[in-house]
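The structure appears right after this line, and notes come after that.
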Amino acid sequence: MTPPPDQLDTAKHDRLARFYRVLRFLAAHPEGATVDAVASFVAMSRRTVYRDLQALEGEIGIPLWSEAGKWGIVEGAFLPPLRLTLDEAVAFFFAARLTAQFADRYDPDMGAAFQKLAEILPPVVARHLERTIDVLASRPPDERLTRHLRLLAHAWAERRIVDLTYDPATYSPGRPHRKSRVHPYLLEASATTRALYLIGFDESRGAVRTFRVQRILEMSLAPETFDAPDPAVIQEGQDRAWGVIADQEEVDVELRFDASIAGLVTETTWHPTARVTREPDGTVLWRARVPGTIEIRRWILQWGFEVEVLAPPELRAEVAETYRKAAARY
């Protein structure tokens with residue numbers, strides 16, 4: 001006979017509370033603790049503690065170690081407590097709101113992180129953040145993406161090489177999947193494409209490449225590690241990117257914006273290399289040097305007829321062809 005719902009809820013609550021006490025005890029004993037010591041702390045039998053430890057490791061994914069009769073939490077599994085000022089907390093709240101606007105899939109790790117943040121925020125801000133979490137949780141999950149992000153997090157933190165199978169068909173229709181061994185240098189998010197990217201050294205190409213995480217079909221951690229690159233060099237490359245793609249040849253882009261949107265264009269610094277000149281007729285000449293035109297082309301198209309590409313000629317031709325096709329369709 002199935003127990004009544006209230007009994008099931010009570011049993012579930014008791015189990016979670018016991019898990020919490022076990023983890024607190026292990027966290028307070030980084031050198032490890034015996035099962036008897038844990039059982040004494042949580043006031044449960046040795047058999048129950050064994051089941052809880054196995055559940056924490058197998059069901060919940062808490063990284064535990066067991067050696068010479070002692071159990072402990074793997075070093076670095078948990079980050080230290082976060083202490084924020086009110087202004088810092090509001091800054092994190094803005095980050096959560098932006099995430100809710102652009103994320104089209106639910107990531108349980110992100111949801112858990114925001115939930116922990118809500119617990120240390122002032123009540124008014126926390127209530128808004130909890131509503132943001134509800135918005136995120138209403139979106140469909142992507143189990144493959146979550147699994148790959150967790151693998152990448154470990155590879156990134158431990159400097160482990162990853163073996164992956166990638167689908168490049170979006171930009172090259174008909175191309176077969178390719179396999180690569182990649183040194184994860186950086187994980188980056190793009191608000192423009194609403195996607196996550198892996199930036200790392202691709203052994204098969206002998207160069208740093210950008211991979212959209214959503215297009216990774218299969219991935220595994222290799223036993224080999226790699227030497228971390230100079231963070232300043234990686235950041236310099238990302239600073240040059242329009243969005244996240246920094247592994248393309250740099251080009252000089254020149255645009256002319258209509259006077260009607262001059263204020264919108266000039267009130268924001270769109271790129272570190274941008275140079276803006278106001279013309280006597282009110283139009284704006286905008287120049288920048290960016291790696292490739294894939295990302296900036298999307299930005300140019302969003303301005304519609306109020307912007308004209310002056311250079312490079314290849315980009316001008318691509319934008320013109322896009323508008324010709326759009327006109328024909330409409």
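Each chain of the structure tokens is named A, B, ... in the order shown, its residues numbered from 1; ligands are numbered from 1 in display order.
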
For segment 259-268 of chain A, please output as a list in words all residues within 6 Å (counting only C-alpha atoms; exclusion window: fewer than 2 positions along the same chain).
Trp270, Gly282 and Thr283 of chain A

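Backbone DSSP over segment 153-238 of chain A gives helix (DSSP H, G or I) for A:Ala153, A:His154, A:Ala155, A:Trp156, A:Ala157, A:Glu158, A:Val213, A:Gln214, A:Arg215, A:Pro231, A:Ala232, A:Val233, A:Ile234, A:Gln235, A:Glu236, A:Gly237, A:Gln238.
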
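For Val49 of chain A, the non-local neighbours within 12 Å, defined as residues at least 6 positions apart in the same chain or in other chains and counting only C-alpha atoms, are Arg15, Arg18, Phe19, Arg21, Val22, Leu23, Ala33, Thr34, Val35, Asp36, Ala37, Val38, Ala39, Ser40, Phe41, Val42, Ala43, Ala55, Leu56 and Trp71 of chain A.
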
Would you please give, as a PyMOL selection string, all residues of segment 185-262 of chain A that DSSP assigns to strand (DSSP E) based on the backbone?
chain A and resi 185-190+195-202+207-212+216-225+250-257

Save the residues we just selected, C-alpha atoms, as a CSV table (one decimal), in the first residue's frame?
```csv
chain,number,residue,atom,x,y,z
A,185,TYR,CA,40.7,27.9,-22.5
A,186,LEU,CA,37.5,29.7,-21.9
A,187,LEU,CA,33.7,29.4,-21.7
A,188,GLU,CA,31.8,32.4,-23.1
A,189,ALA,CA,28.1,33.4,-23.5
A,190,SER,CA,26.7,35.4,-26.3
A,195,ALA,CA,24.3,30.4,-27.1
A,196,LEU,CA,27.3,29.2,-25.1
A,197,TYR,CA,30.7,28.8,-26.6
A,198,LEU,CA,33.9,26.8,-25.9
A,199,ILE,CA,37.1,28.6,-26.9
A,200,GLY,CA,40.2,26.5,-26.9
A,201,PHE,CA,43.1,25.1,-28.8
A,202,ASP,CA,42.0,22.6,-31.4
A,207,ALA,CA,45.1,26.8,-33.6
A,208,VAL,CA,42.6,28.4,-31.2
A,209,ARG,CA,39.0,27.8,-32.4
A,210,THR,CA,35.5,28.6,-31.2
A,211,PHE,CA,32.9,25.9,-30.7
A,212,ARG,CA,29.2,26.5,-30.1
A,216,ILE,CA,28.7,19.5,-29.6
A,217,LEU,CA,27.1,16.1,-30.2
A,218,GLU,CA,29.4,13.9,-28.0
A,219,MET,CA,32.1,14.7,-25.5
A,220,SER,CA,34.4,13.0,-23.1
A,221,LEU,CA,37.2,13.9,-20.7
A,222,ALA,CA,40.6,12.7,-21.8
A,223,PRO,CA,43.2,11.7,-19.1
A,224,GLU,CA,45.8,14.1,-20.5
A,225,THR,CA,46.1,17.7,-19.2
A,250,GLU,CA,40.7,40.8,-38.9
A,251,VAL,CA,38.9,43.2,-41.3
A,252,ASP,CA,38.3,46.9,-41.3
A,253,VAL,CA,34.6,47.7,-41.3
A,254,GLU,CA,33.2,51.2,-42.3
A,255,LEU,CA,29.5,52.1,-42.0
A,256,ARG,CA,27.4,55.2,-42.6
A,257,PHE,CA,24.4,55.6,-40.3
```

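Coordinates place atom CA of Pro108 of chain A at a distance of 19.6 Å from atom CA of Arg215 of chain A.
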
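Across the structure, atom CA of Val307 of chain A and atom CA of Arg194 of chain A are spaced 24.2 Å apart.
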
Enter the distance from atom CA of Pro168 of chain A to atom CA of Asp230 of chain A, in Å, rounded to one decimal.
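Distance between the two atoms: 28.1 Å.
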
Per-residue nearest contacts segment 65-117 of chain A to segment 141-153 of chain A, cut-off 12 Å, using only C-alpha atoms, as a Markdown table:
```
| residue | atom | partner | partner_atom | distance |
| --- | --- | --- | --- | --- |
| A:Ala77 | CA | A:Ala153 | CA | 11.7 |
| A:Ala103 | CA | A:Pro141 | CA | 10.7 |
| A:Asp104 | CA | A:Pro141 | CA | 9.0 |
| A:Arg105 | CA | A:Pro141 | CA | 5.3 |
| A:Tyr106 | CA | A:Pro141 | CA | 4.6 |
| A:Asp107 | CA | A:Thr146 | CA | 6.3 |
| A:Pro108 | CA | A:Thr146 | CA | 7.8 |
| A:Asp109 | CA | A:Thr146 | CA | 8.1 |
| A:Met110 | CA | A:Thr146 | CA | 9.9 |
| A:Gly111 | CA | A:Pro141 | CA | 11.3 |
```

Could you give me, as a PyMOL selection string, the residues within 12 Å of segment 308-318 of chain A, counting only C-alpha atoms and dropping anything in the same chain fewer than 5 positions from it?
chain A and resi 250-258+283-290+292-303+323-325

For Trp65 of chain A, which residue among A:Leu26, A:Val90, A:Ile245, A:Val124 is the nearest when counting only C-alpha atoms?
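Of all the options, A:Leu26 lies closest to Trp65 of chain A.
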